[in-house]
file target.pdb (PDB, C-alpha atoms)
ATOM      1  CA  MET R   7      20.743  -9.514  18.747
ATOM      2  CA  ILE R   8      20.172  -7.871  22.133
ATOM      3  CA  GLY R   9      22.357 -10.162  24.242
ATOM      4  CA  VAL R  10      21.687 -11.240  27.819
ATOM      5  CA  THR R  11      22.228  -9.236  31.007
ATOM      6  CA  ARG R  12      21.350  -9.523  34.679
ATOM      7  CA  SER R  13      20.655  -5.810  34.919
ATOM      8  CA  ASP R  14      17.237  -4.258  34.348
ATOM      9  CA  SER R  15      17.289  -2.421  31.055
ATOM     10  CA  ILE R  16      15.079  -1.151  28.261
ATOM     11  CA  VAL R  17      15.721  -2.356  24.738
ATOM     12  CA  ASP R  18      14.687   0.004  21.975
ATOM     13  CA  VAL R  19      11.491  -1.316  20.397
ATOM     14  CA  GLY R  20      13.071  -0.477  17.052
ATOM     15  CA  MET R  21      15.175  -3.637  17.379
ATOM     16  CA  LEU R  22      12.055  -5.779  17.622
ATOM     17  CA  GLU R  23      10.588  -3.949  14.642
ATOM     18  CA  PHE R  24      13.770  -4.521  12.637
ATOM     19  CA  ALA R  25      13.557  -8.260  13.319
ATOM     20  CA  ILE R  26       9.878  -8.346  12.308
ATOM     21  CA  ARG R  27      10.554  -6.518   9.044
ATOM     22  CA  ASP R  28      13.509  -8.769   8.284
ATOM     23  CA  ASP R  29      11.394 -11.911   8.697
ATOM     24  CA  LEU R  30       8.333 -10.680   6.831
ATOM     25  CA  ASP R  31      10.374  -9.291   3.943
ATOM     26  CA  LYS R  32      11.579 -12.833   3.288
ATOM     27  CA  ASN R  33       8.340 -14.710   3.948
ATOM     28  CA  ALA R  34       5.291 -12.507   3.304
ATOM     29  CA  ALA R  35       3.566 -12.635  -0.085
ATOM     30  CA  ARG R  36       3.215  -9.343  -1.963
ATOM     31  CA  ALA R  37      -0.157  -7.827  -2.809
ATOM     32  CA  MET R  38      -1.633  -4.424  -3.652
ATOM     33  CA  CYS R  39      -4.120  -2.535  -1.522
ATOM     34  CA  VAL R  40      -5.070   1.129  -1.991
ATOM     35  CA  LEU R  41      -5.708   2.799   1.370
ATOM     36  CA  ASN R  42      -6.842   6.204   0.051
ATOM     37  CA  PRO R  43      -8.523   5.482  -3.289
ATOM     38  CA  LEU R  44      -8.583   7.924  -6.185
ATOM     39  CA  LYS R  45     -10.340   6.732  -9.330
ATOM     40  CA  ILE R  46      -8.634   6.941 -12.696
ATOM     41  CA  THR R  47     -10.153   6.196 -16.096
ATOM     42  CA  LEU R  48      -7.965   5.121 -18.994
ATOM     43  CA  SER R  49      -9.534   6.901 -21.940
ATOM     44  CA  ASN R  50      -7.794   4.736 -24.566
ATOM     45  CA  PHE R  51      -8.537   1.366 -22.910
ATOM     46  CA  GLU R  52     -11.572  -0.508 -24.231
ATOM     47  CA  ALA R  53     -14.646  -0.240 -21.995
ATOM     48  CA  GLY R  54     -15.665  -3.580 -20.504
ATOM     49  CA  LYS R  55     -12.369  -5.251 -21.387
ATOM     50  CA  VAL R  56     -10.531  -7.197 -18.673
ATOM     51  CA  GLU R  57      -6.887  -8.046 -19.279
ATOM     52  CA  GLN R  58      -5.350 -10.567 -16.902
ATOM     53  CA  LEU R  59      -1.798  -9.655 -15.948
ATOM     54  CA  SER R  60       0.526 -11.977 -14.059
ATOM     55  CA  ALA R  61       2.507 -10.905 -10.981
ATOM     56  CA  ALA R  62       4.954 -12.754  -8.753
ATOM     57  CA  ASN R  63       3.839 -13.316  -5.175
ATOM     58  CA  HIS R  64       7.404 -12.615  -4.030
ATOM     59  CA  PRO R  65      10.209 -10.984  -6.046
ATOM     60  CA  GLN R  66      12.899 -13.396  -4.786
ATOM     61  CA  ARG R  67      10.917 -16.597  -4.187
ATOM     62  CA  GLU R  68       9.648 -18.482  -7.202
ATOM     63  CA  ASP R  69       8.261 -21.174  -4.880
ATOM     64  CA  MET R  70       5.546 -18.745  -3.767
ATOM     65  CA  GLY R  71       4.078 -18.703  -7.271
ATOM     66  CA  THR R  72       2.172 -16.005  -9.119
ATOM     67  CA  ARG R  73      -1.261 -14.390  -9.105
ATOM     68  CA  GLU R  74      -3.494 -12.725 -11.690
ATOM     69  CA  LEU R  75      -4.230  -9.008 -11.651
ATOM     70  CA  PRO R  76      -7.316  -7.890 -13.592
ATOM     71  CA  PHE R  77      -6.465  -4.733 -15.559
ATOM     72  CA  THR R  78      -9.481  -2.635 -16.597
ATOM     73  CA  ARG R  79     -10.457   0.767 -17.935
ATOM     74  CA  GLU R  80     -11.235   2.069 -14.425
ATOM     75  CA  LEU R  81      -8.628   1.742 -11.692
ATOM     76  CA  PHE R  82      -7.873   3.061  -8.221
ATOM     77  CA  ILE R  83      -4.561   4.592  -7.193
ATOM     78  CA  ASP R  84      -3.666   6.207  -3.880
ATOM     79  CA  LYS R  85      -4.510   9.908  -3.545
ATOM     80  CA  ASN R  86      -1.035  10.556  -2.171
ATOM     81  CA  ASP R  87       0.476   9.291  -5.417
ATOM     82  CA  PHE R  88      -0.886  12.187  -7.494
ATOM     83  CA  ARG R  89      -0.106  15.887  -7.617
ATOM     84  CA  GLU R  90      -1.115  18.519 -10.112
ATOM     85  CA  GLU R  91       2.313  20.108  -9.777
ATOM     86  CA  ALA R  92       5.459  18.725  -8.212
ATOM     87  CA  ASP R  93       9.222  19.123  -8.133
ATOM     88  CA  LYS R  94      11.615  16.625  -9.670
ATOM     89  CA  ASP R  95      11.947  14.691  -6.409
ATOM     90  CA  PHE R  96       8.300  13.543  -6.558
ATOM     91  CA  LYS R  97       8.532  10.256  -8.438
ATOM     92  CA  ARG R  98       4.857   9.455  -8.771
ATOM     93  CA  LEU R  99       2.027  10.697 -10.985
ATOM     94  CA  VAL R 100       1.924  14.366 -11.952
ATOM     95  CA  LEU R 101      -0.585  16.043 -14.274
ATOM     96  CA  GLY R 102       0.764  15.886 -17.815
ATOM     97  CA  GLN R 103       3.464  13.369 -16.892
ATOM     98  CA  GLU R 104       3.883   9.589 -16.749
ATOM     99  CA  VAL R 105       4.347   6.892 -14.148
ATOM    100  CA  ARG R 106       4.439   3.100 -14.268
ATOM    101  CA  LEU R 107       1.742   0.998 -12.641
ATOM    102  CA  ARG R 108       3.282  -1.902 -10.734
ATOM    103  CA  ASN R 109       3.304  -5.097 -12.857
ATOM    104  CA  ALA R 110       1.422  -3.250 -15.603
ATOM    105  CA  TYR R 111       1.730  -0.312 -18.015
ATOM    106  CA  VAL R 112       2.990   3.236 -18.167
ATOM    107  CA  ILE R 113       0.162   5.777 -17.843
ATOM    108  CA  ARG R 114      -0.062   9.558 -18.283
ATOM    109  CA  ALA R 115      -2.355  11.892 -16.324
ATOM    110  CA  ASP R 116      -4.230  14.021 -18.869
ATOM    111  CA  GLU R 117      -7.087  15.718 -17.019
ATOM    112  CA  VAL R 118      -8.439  16.315 -13.521
ATOM    113  CA  ILE R 119     -12.144  16.056 -12.656
ATOM    114  CA  ARG R 120     -13.422  17.936  -9.610
ATOM    115  CA  ASP R 121     -16.640  18.005  -7.595
ATOM    116  CA  ALA R 122     -18.667  21.102  -6.694
ATOM    117  CA  ASN R 123     -16.295  21.841  -3.820
ATOM    118  CA  GLY R 124     -13.238  21.743  -6.028
ATOM    119  CA  GLU R 125     -12.002  18.413  -4.674
ATOM    120  CA  ILE R 126     -10.370  16.017  -7.139
ATOM    121  CA  THR R 127     -12.671  13.030  -7.642
ATOM    122  CA  GLU R 128     -11.197  11.387 -10.749
ATOM    123  CA  LEU R 129      -8.303  11.489 -13.173
ATOM    124  CA  LEU R 130      -8.560  10.939 -16.908
ATOM    125  CA  CYS R 131      -5.440   9.133 -18.036
ATOM    126  CA  SER R 132      -4.085   7.282 -21.043
ATOM    127  CA  TYR R 133      -1.899   4.192 -21.112
ATOM    128  CA  ASP R 134       0.887   3.068 -23.405
ATOM    129  CA  PRO R 135      -0.060  -0.471 -24.560
ATOM    130  CA  ASP R 136       3.525  -1.273 -25.553
ATOM    131  CA  THR R 137       5.023  -0.847 -22.074
ATOM    132  CA  HIS R 138       3.920  -4.002 -20.256
ATOM    133  CA  GLY R 139       7.114  -5.441 -18.829
ATOM    134  CA  LYS R 140       9.358  -3.136 -20.852
ATOM    135  CA  ASN R 141      10.404   0.475 -21.181
ATOM    136  CA  PRO R 142       8.906   2.839 -23.783
ATOM    137  CA  ALA R 143      10.268   2.053 -27.228
ATOM    138  CA  ASP R 144      11.170   5.693 -27.942
ATOM    139  CA  GLY R 145      13.602   5.768 -25.010
ATOM    140  CA  ARG R 146      11.723   8.226 -22.787
ATOM    141  CA  LYS R 147      12.374   7.779 -19.081
ATOM    142  CA  VAL R 148       9.607   7.041 -16.570
ATOM    143  CA  LYS R 149      10.790   7.776 -13.041
ATOM    144  CA  GLY R 150       8.293   6.237 -10.649
ATOM    145  CA  VAL R 151       6.240   3.121  -9.933
ATOM    146  CA  ILE R 152       2.929   3.178  -8.026
ATOM    147  CA  HIS R 153       0.476   0.527  -6.884
ATOM    148  CA  TRP R 154      -3.118   0.199  -8.097
ATOM    149  CA  VAL R 155      -6.171  -2.060  -8.215
ATOM    150  CA  SER R 156      -8.984  -2.515 -10.722
ATOM    151  CA  ALA R 157     -12.026  -0.448  -9.745
ATOM    152  CA  THR R 158     -14.396  -3.117 -11.075
ATOM    153  CA  HIS R 159     -12.446  -6.190  -9.936
ATOM    154  CA  CYS R 160     -11.385  -5.422  -6.373
ATOM    155  CA  VAL R 161     -12.717  -6.021  -2.883
ATOM    156  CA  ASP R 162     -13.524  -3.648  -0.030
ATOM    157  CA  ALA R 163     -11.303  -4.518   2.920
ATOM    158  CA  GLU R 164     -11.283  -3.195   6.454
ATOM    159  CA  VAL R 165      -7.745  -2.222   7.408
ATOM    160  CA  ARG R 166      -6.673  -1.547  10.964
ATOM    161  CA  LEU R 167      -3.618   0.668  11.028
ATOM    162  CA  TYR R 168      -1.905  -0.024  14.339
ATOM    163  CA  ASP R 169       0.963   2.124  15.557
ATOM    164  CA  ARG R 170       2.860   2.416  18.827
ATOM    165  CA  LEU R 171       0.573   2.682  21.853
ATOM    166  CA  PHE R 172       2.577   5.401  23.599
ATOM    167  CA  THR R 173       4.211   8.596  22.380
ATOM    168  CA  VAL R 174       7.308   8.166  24.573
ATOM    169  CA  GLU R 175       9.681   5.282  25.209
ATOM    170  CA  ASN R 176       8.834   4.906  28.920
ATOM    171  CA  PRO R 177       5.374   6.245  29.845
ATOM    172  CA  GLU R 178       6.024   5.684  33.559
ATOM    173  CA  ALA R 179       9.239   7.701  33.712
ATOM    174  CA  ASP R 180       7.430  10.954  34.576
ATOM    175  CA  LYS R 181       6.201  10.447  38.128
ATOM    176  CA  GLU R 182       3.986  13.545  37.983
ATOM    177  CA  LYS R 183       1.870  12.235  35.119
ATOM    178  CA  SER R 184      -0.238   9.164  34.473
ATOM    179  CA  PHE R 185       0.896   6.753  31.773
ATOM    180  CA  THR R 186      -2.451   7.457  30.100
ATOM    181  CA  ASP R 187      -1.239  10.994  29.344
ATOM    182  CA  PHE R 188       1.173   9.477  26.838
ATOM    183  CA  ILE R 189      -1.257   7.309  24.871
ATOM    184  CA  ASN R 190      -0.872   7.840  21.147
ATOM    185  CA  PRO R 191      -4.270   8.955  19.734
ATOM    186  CA  GLN R 192      -3.250   7.513  16.358
ATOM    187  CA  SER R 193      -2.339   4.095  17.744
ATOM    188  CA  LEU R 194      -5.320   2.627  15.892
ATOM    189  CA  VAL R 195      -6.965   4.024  12.763
ATOM    190  CA  VAL R 196      -9.643   1.936  11.039
ATOM    191  CA  GLN R 197     -10.650   2.565   7.432
ATOM    192  CA  THR R 198     -11.959   0.866   4.310
ATOM    193  CA  ALA R 199      -9.502   0.231   1.501
ATOM    194  CA  LYS R 200      -9.640  -1.189  -2.027
ATOM    195  CA  ALA R 201      -7.739  -4.474  -2.205
ATOM    196  CA  GLU R 202      -6.803  -6.567  -5.199
ATOM    197  CA  TYR R 203      -9.263  -9.382  -5.864
ATOM    198  CA  SER R 204      -6.799 -12.129  -4.914
ATOM    199  CA  LEU R 205      -7.149 -11.011  -1.274
ATOM    200  CA  ARG R 206     -10.902 -11.582  -1.211
ATOM    201  CA  ASP R 207     -10.767 -14.973   0.521
ATOM    202  CA  SER R 208      -7.539 -14.618   2.500
ATOM    203  CA  THR R 209      -7.269 -17.237   5.220
ATOM    204  CA  ALA R 210      -6.976 -16.206   8.865
ATOM    205  CA  GLU R 211      -3.505 -15.005   9.845
ATOM    206  CA  SER R 212      -2.170 -15.097   6.289
ATOM    207  CA  ARG R 213       0.531 -12.449   5.948
ATOM    208  CA  PHE R 214       1.154  -9.967   3.151
ATOM    209  CA  GLN R 215       3.298  -7.051   2.249
ATOM    210  CA  PHE R 216       0.882  -4.496   0.835
ATOM    211  CA  GLU R 217       3.287  -2.909  -1.596
ATOM    212  CA  ARG R 218       4.475   0.528  -0.501
ATOM    213  CA  GLU R 219       2.178   0.409   2.572
ATOM    214  CA  GLY R 220       3.412  -2.134   5.115
ATOM    215  CA  TYR R 221       3.003  -5.671   6.401
ATOM    216  CA  PHE R 222      -0.508  -6.872   7.186
ATOM    217  CA  CYS R 223      -2.122  -9.996   8.623
ATOM    218  CA  ALA R 224      -5.676 -11.249   8.043
ATOM    219  CA  ASP R 225      -7.543 -11.028  11.355
ATOM    220  CA  ARG R 226      -8.082 -14.462  12.901
ATOM    221  CA  TYR R 227     -11.581 -13.627  14.189
ATOM    222  CA  ASP R 228     -13.149 -10.926  12.024
ATOM    223  CA  SER R 229     -11.835 -11.645   8.531
ATOM    224  CA  LYS R 230     -14.411 -13.584   6.475
ATOM    225  CA  PRO R 231     -14.490 -14.827   2.868
ATOM    226  CA  GLY R 232     -15.550 -11.872   0.724
ATOM    227  CA  LYS R 233     -15.128  -9.448   3.665
ATOM    228  CA  PRO R 234     -11.440  -9.449   4.569
ATOM    229  CA  VAL R 235     -10.094  -7.608   7.598
ATOM    230  CA  PHE R 236      -6.373  -6.865   7.802
ATOM    231  CA  ASN R 237      -4.326  -5.705  10.773
ATOM    232  CA  ARG R 238      -1.122  -3.810  10.134
ATOM    233  CA  THR R 239       1.745  -5.614  11.792
ATOM    234  CA  ILE R 240       4.288  -2.935  10.967
ATOM    235  CA  SER R 241       5.025  -0.252   8.397
ATOM    236  CA  LEU R 242       7.713  -0.738   5.764
ATOM    237  CA  ARG R 243      10.021   1.635   7.617
ATOM    238  CA  ASP R 244      10.011   3.477  10.907
ATOM    239  CA  SER R 245       8.171   6.782  10.452
ATOM    240  CA  PHE R 246       6.874   7.073  14.038
ATOM    241  CA  GLY R 247       9.063  10.029  14.957
ATOM    242  CA  LYS R 248       7.850  11.979  11.943
TER
END
call {"tool": "encode", "arguments": {"input": "target.pdb", "output": "structure tokens"}}
result
Amino acid sequence: MIGVTRSDSIVDVGMLEFAIRDDLDKNAARAMCVLNPLKITLSNFEAGKVEQLSAANHPQREDMGTRELPFTRELFIDKNDFREEADKDFKRLVLGQEVRLRNAYVIRADEVIRDANGEITELLCSYDPDTHGKNPADGRKVKGVIHWVSATHCVDAEVRLYDRLFTVENPEADKEKSFTDFINPQSLVVQTAKAEYSLRDSTAESRFQFEREGYFCADRYDSKPGKPVFNRTISLRDSFGK
């Protein structure tokens, strides 16, 4: 892609990132992992019931097989996927409106529960049991799709969110400053996420696309059965400049 030259030059790192995304899109299994968990309770789903849903490991590769997703009364979604009020361009969950859970059902946000400080700690929702794998029978349109995991059948995973090490293309270009002045303070953020149960015993260096989050790899040294550790290889799209 970049060609060959005898001259010293700098190739935009975006080209490397494009090649990485292109390869992993074709070869990495899909999975769901919630980085910023917000609990939801489905008021019309039977307490204690576990429904096993089937999901493809890759949307274009049948040879990669399928996996089971436990669907329960209590789930986690990402906090960024909910708003109490939103304009029509927000295609996720809004209070009083519906969204589809990936590989599962359409749900509606009915009520917000807050703590003493006014922070949202839980959503009370309801699900439409006739929408697994199909649109609502009455013809109503559901705009968005979000990822989720079961709150009772998931695993805590350490995720290491790597980003570019420097804030500029060439940190040595400014001769009056040290390259350390351009280190990106957000080049590594470590947090605990809620991952689907199928990721519990991921083998070292196994690769996944965490849907709507990015491409991740199980750490070769620190990831253990029951205590997975995932390093972000790259985000789904380049948002560094933002």
call {"tool": "atom_distance", "arguments": {"input": "target.pdb", "atom1": "atom CA of Leu99 of chain R", "atom2": "atom CA of Ser241 of chain R"}}
result
22.5 Å
call {"tool": "resolve_selection", "arguments": {"input": "target.pdb", "expression": "the PyMOL selection byres ((chain R and resi 107-124) around 10)", "output": "PDB file with C-alpha atoms, in the frame of the given file"}}
result
ATOM      1  CA  MET R  38      -1.633  -4.424  -3.652  1.00  0.00           C
ATOM      2  CA  ILE R  46      -8.634   6.941 -12.696  1.00  0.00           C
ATOM      3  CA  THR R  47     -10.153   6.196 -16.096  1.00  0.00           C
ATOM      4  CA  LEU R  48      -7.965   5.121 -18.994  1.00  0.00           C
ATOM      5  CA  SER R  49      -9.534   6.901 -21.940  1.00  0.00           C
ATOM      6  CA  LEU R  59      -1.798  -9.655 -15.948  1.00  0.00           C
ATOM      7  CA  SER R  60       0.526 -11.977 -14.059  1.00  0.00           C
ATOM      8  CA  ALA R  61       2.507 -10.905 -10.981  1.00  0.00           C
ATOM      9  CA  ALA R  62       4.954 -12.754  -8.753  1.00  0.00           C
ATOM     10  CA  LEU R  75      -4.230  -9.008 -11.651  1.00  0.00           C
ATOM     11  CA  PHE R  77      -6.465  -4.733 -15.559  1.00  0.00           C
ATOM     12  CA  ILE R  83      -4.561   4.592  -7.193  1.00  0.00           C
ATOM     13  CA  PHE R  88      -0.886  12.187  -7.494  1.00  0.00           C
ATOM     14  CA  ARG R  89      -0.106  15.887  -7.617  1.00  0.00           C
ATOM     15  CA  GLU R  90      -1.115  18.519 -10.112  1.00  0.00           C
ATOM     16  CA  ARG R  98       4.857   9.455  -8.771  1.00  0.00           C
ATOM     17  CA  LEU R  99       2.027  10.697 -10.985  1.00  0.00           C
ATOM     18  CA  VAL R 100       1.924  14.366 -11.952  1.00  0.00           C
ATOM     19  CA  LEU R 101      -0.585  16.043 -14.274  1.00  0.00           C
ATOM     20  CA  GLY R 102       0.764  15.886 -17.815  1.00  0.00           C
ATOM     21  CA  GLN R 103       3.464  13.369 -16.892  1.00  0.00           C
ATOM     22  CA  GLU R 104       3.883   9.589 -16.749  1.00  0.00           C
ATOM     23  CA  VAL R 105       4.347   6.892 -14.148  1.00  0.00           C
ATOM     24  CA  ARG R 106       4.439   3.100 -14.268  1.00  0.00           C
ATOM     25  CA  GLU R 125     -12.002  18.413  -4.674  1.00  0.00           C
ATOM     26  CA  ILE R 126     -10.370  16.017  -7.139  1.00  0.00           C
ATOM     27  CA  THR R 127     -12.671  13.030  -7.642  1.00  0.00           C
ATOM     28  CA  GLU R 128     -11.197  11.387 -10.749  1.00  0.00           C
ATOM     29  CA  LEU R 129      -8.303  11.489 -13.173  1.00  0.00           C
ATOM     30  CA  LEU R 130      -8.560  10.939 -16.908  1.00  0.00           C
ATOM     31  CA  CYS R 131      -5.440   9.133 -18.036  1.00  0.00           C
ATOM     32  CA  SER R 132      -4.085   7.282 -21.043  1.00  0.00           C
ATOM     33  CA  TYR R 133      -1.899   4.192 -21.112  1.00  0.00           C
ATOM     34  CA  ASP R 134       0.887   3.068 -23.405  1.00  0.00           C
ATOM     35  CA  PRO R 135      -0.060  -0.471 -24.560  1.00  0.00           C
ATOM     36  CA  ASP R 136       3.525  -1.273 -25.553  1.00  0.00           C
ATOM     37  CA  THR R 137       5.023  -0.847 -22.074  1.00  0.00           C
ATOM     38  CA  HIS R 138       3.920  -4.002 -20.256  1.00  0.00           C
ATOM     39  CA  GLY R 139       7.114  -5.441 -18.829  1.00  0.00           C
ATOM     40  CA  LYS R 140       9.358  -3.136 -20.852  1.00  0.00           C
ATOM     41  CA  ASN R 141      10.404   0.475 -21.181  1.00  0.00           C
ATOM     42  CA  PRO R 142       8.906   2.839 -23.783  1.00  0.00           C
ATOM     43  CA  VAL R 148       9.607   7.041 -16.570  1.00  0.00           C
ATOM     44  CA  GLY R 150       8.293   6.237 -10.649  1.00  0.00           C
ATOM     45  CA  VAL R 151       6.240   3.121  -9.933  1.00  0.00           C
ATOM     46  CA  ILE R 152       2.929   3.178  -8.026  1.00  0.00           C
ATOM     47  CA  HIS R 153       0.476   0.527  -6.884  1.00  0.00           C
ATOM     48  CA  TRP R 154      -3.118   0.199  -8.097  1.00  0.00           C
ATOM     49  CA  VAL R 155      -6.171  -2.060  -8.215  1.00  0.00           C
ATOM     50  CA  GLU R 217       3.287  -2.909  -1.596  1.00  0.00           C
TER      51      GLU R 217
END
call {"tool": "atom_distance", "arguments": {"input": "target.pdb", "atom1": "atom CA of Ala201 of chain R", "atom2": "atom CA of Asp225 of chain R"}}
result
15.1 Å
call {"tool": "resolve_selection", "arguments": {"input": "target.pdb", "expression": "the PyMOL selection byres ((chain R and resi 242) around 7)", "output": "list in words"}}
result
Glu219, Gly220, Tyr221, Ile240, Ser241 and Arg243 of chain R
call {"tool": "residues_near_point", "arguments": {"input": "target.pdb", "point": "(-8.9, -8.0, -1.0)", "cutoff": "12 Å", "atoms": "all atoms listed in the file", "output": "VMD selection string"}}
result
chain R and resid 37 to 41 75 155 to 157 159 to 165 198 to 209 214 216 222 to 224 229 to 236
call {"tool": "axis_aligned_box", "arguments": {"input": "target.pdb", "around": "segment 212-215 of chain R", "padding_each_side": "6 Å", "output": "lines of an AutoDock Vina configuration file"}}
result
center_x = 0.6
center_y = -11.1
center_z = 4.3
size_x = 17.5
size_y = 20.0
size_z = 16.0
call {"tool": "atom_distance", "arguments": {"input": "target.pdb", "atom1": "atom CA of Asp84 of chain R", "atom2": "atom CA of Asn42 of chain R"}}
result
5.1 Å
call {"tool": "residues_around", "arguments": {"input": "target.pdb", "residues": "Ile8 of chain R", "least_positions_apart": "2", "cutoff": "10 Å", "atoms": "all atoms listed in the file", "output": "ChimeraX atom specification"}}
result
/R:10-11,17-18,21-22
call {"tool": "closest_residue", "arguments": {"input": "target.pdb", "among": "R:Gly71, R:Lys149, R:Leu81, R:Ile189", "to": "Lys97 of chain R", "atoms": "only C-alpha atoms"}}
result
R:Lys149
call {"tool": "resolve_selection", "arguments": {"input": "target.pdb", "expression": "the PyMOL selection byres ((chain R and resi 191) around 12)", "output": "list in words"}}
result
Tyr168, Asp169, Arg170, Leu171, Phe172, Thr173, Thr186, Asp187, Phe188, Ile189, Asn190, Gln192, Ser193, Leu194 and Val195 of chain R
call {"tool": "closest_residue", "arguments": {"input": "target.pdb", "among": "R:Lys94, R:Lys181, R:Lys45, R:Arg27", "to": "Thr239 of chain R", "atoms": "all atoms listed in the file"}}
result
R:Arg27
call {"tool": "residues_around", "arguments": {"input": "target.pdb", "residues": "Phe185 of chain R", "least_positions_apart": "5", "cutoff": "10 Å", "atoms": "all atoms listed in the file", "output": "ChimeraX atom specification"}}
result
/R:172,174,176-180
call {"tool": "decode", "arguments": {"input": "target.pdb", "residues": "segment 213-235 of chain R", "atoms": "N, CA and C atoms", "output": "PDB file, in the first residue's frame"}}
result
ATOM      1  N   ARG R 213      -8.429 -13.171  19.501  1.00  0.00           N
ATOM      2  CA  ARG R 213      -8.821 -11.833  19.056  1.00  0.00           C
ATOM      3  C   ARG R 213     -10.328 -11.725  18.888  1.00  0.00           C
ATOM      4  N   PHE R 214     -10.869 -10.584  19.259  1.00  0.00           N
ATOM      5  CA  PHE R 214     -12.312 -10.362  19.190  1.00  0.00           C
ATOM      6  C   PHE R 214     -12.608  -8.948  18.735  1.00  0.00           C
ATOM      7  N   GLN R 215     -13.736  -8.817  18.061  1.00  0.00           N
ATOM      8  CA  GLN R 215     -14.330  -7.493  17.919  1.00  0.00           C
ATOM      9  C   GLN R 215     -15.388  -7.376  19.002  1.00  0.00           C
ATOM     10  N   PHE R 216     -15.149  -6.534  19.997  1.00  0.00           N
ATOM     11  CA  PHE R 216     -16.197  -6.222  20.963  1.00  0.00           C
ATOM     12  C   PHE R 216     -17.147  -5.271  20.259  1.00  0.00           C
ATOM     13  N   GLU R 217     -18.345  -5.741  20.002  1.00  0.00           N
ATOM     14  CA  GLU R 217     -19.263  -5.014  19.132  1.00  0.00           C
ATOM     15  C   GLU R 217     -19.484  -3.587  19.609  1.00  0.00           C
ATOM     16  N   ARG R 218     -19.277  -2.670  18.661  1.00  0.00           N
ATOM     17  CA  ARG R 218     -19.456  -1.231  18.866  1.00  0.00           C
ATOM     18  C   ARG R 218     -18.370  -0.609  19.752  1.00  0.00           C
ATOM     19  N   GLU R 219     -17.322  -1.380  20.100  1.00  0.00           N
ATOM     20  CA  GLU R 219     -16.264  -0.860  20.964  1.00  0.00           C
ATOM     21  C   GLU R 219     -14.884  -0.875  20.310  1.00  0.00           C
ATOM     22  N   GLY R 220     -14.526  -1.956  19.635  1.00  0.00           N
ATOM     23  CA  GLY R 220     -13.204  -2.025  19.032  1.00  0.00           C
ATOM     24  C   GLY R 220     -12.710  -3.457  18.954  1.00  0.00           C
ATOM     25  N   TYR R 221     -11.462  -3.596  18.544  1.00  0.00           N
ATOM     26  CA  TYR R 221     -10.825  -4.913  18.455  1.00  0.00           C
ATOM     27  C   TYR R 221      -9.914  -5.119  19.655  1.00  0.00           C
ATOM     28  N   PHE R 222     -10.031  -6.294  20.266  1.00  0.00           N
ATOM     29  CA  PHE R 222      -9.305  -6.587  21.501  1.00  0.00           C
ATOM     30  C   PHE R 222      -8.617  -7.948  21.387  1.00  0.00           C
ATOM     31  N   CYS R 223      -7.552  -8.099  22.175  1.00  0.00           N
ATOM     32  CA  CYS R 223      -6.779  -9.338  22.190  1.00  0.00           C
ATOM     33  C   CYS R 223      -6.565  -9.755  23.639  1.00  0.00           C
ATOM     34  N   ALA R 224      -6.764 -11.035  23.945  1.00  0.00           N
ATOM     35  CA  ALA R 224      -6.523 -11.529  25.300  1.00  0.00           C
ATOM     36  C   ALA R 224      -5.026 -11.468  25.603  1.00  0.00           C
ATOM     37  N   ASP R 225      -4.668 -10.862  26.723  1.00  0.00           N
ATOM     38  CA  ASP R 225      -3.262 -10.665  27.067  1.00  0.00           C
ATOM     39  C   ASP R 225      -2.544 -12.001  27.239  1.00  0.00           C
ATOM     40  N   ARG R 226      -1.368 -12.119  26.643  1.00  0.00           N
ATOM     41  CA  ARG R 226      -0.656 -13.403  26.636  1.00  0.00           C
ATOM     42  C   ARG R 226      -0.105 -13.777  28.019  1.00  0.00           C
ATOM     43  N   TYR R 227       0.107 -12.787  28.885  1.00  0.00           N
ATOM     44  CA  TYR R 227       0.690 -13.051  30.195  1.00  0.00           C
ATOM     45  C   TYR R 227      -0.331 -12.989  31.336  1.00  0.00           C
ATOM     46  N   ASP R 228      -1.181 -11.984  31.319  1.00  0.00           N
ATOM     47  CA  ASP R 228      -2.026 -11.695  32.480  1.00  0.00           C
ATOM     48  C   ASP R 228      -3.419 -12.293  32.414  1.00  0.00           C
ATOM     49  N   SER R 229      -3.887 -12.656  31.231  1.00  0.00           N
ATOM     50  CA  SER R 229      -5.237 -13.208  31.119  1.00  0.00           C
ATOM     51  C   SER R 229      -5.257 -14.656  31.602  1.00  0.00           C
ATOM     52  N   LYS R 230      -6.156 -14.949  32.553  1.00  0.00           N
ATOM     53  CA  LYS R 230      -6.264 -16.283  33.145  1.00  0.00           C
ATOM     54  C   LYS R 230      -7.694 -16.797  33.014  1.00  0.00           C
ATOM     55  N   PRO R 231      -7.892 -18.112  33.012  1.00  0.00           N
ATOM     56  CA  PRO R 231      -9.258 -18.646  32.990  1.00  0.00           C
ATOM     57  C   PRO R 231     -10.091 -18.091  34.146  1.00  0.00           C
ATOM     58  N   GLY R 232     -11.235 -17.524  33.841  1.00  0.00           N
ATOM     59  CA  GLY R 232     -12.093 -16.929  34.853  1.00  0.00           C
ATOM     60  C   GLY R 232     -11.764 -15.487  35.165  1.00  0.00           C
ATOM     61  N   LYS R 233     -10.557 -15.015  34.768  1.00  0.00           N
ATOM     62  CA  LYS R 233     -10.141 -13.633  35.007  1.00  0.00           C
ATOM     63  C   LYS R 233      -9.487 -13.082  33.742  1.00  0.00           C
ATOM     64  N   PRO R 234     -10.284 -12.873  32.705  1.00  0.00           N
ATOM     65  CA  PRO R 234      -9.709 -12.442  31.427  1.00  0.00           C
ATOM     66  C   PRO R 234      -9.206 -10.997  31.469  1.00  0.00           C
ATOM     67  N   VAL R 235      -8.157 -10.765  30.708  1.00  0.00           N
ATOM     68  CA  VAL R 235      -7.593  -9.425  30.535  1.00  0.00           C
ATOM     69  C   VAL R 235      -7.482  -9.178  29.036  1.00  0.00           C
TER      70      VAL R 235
END
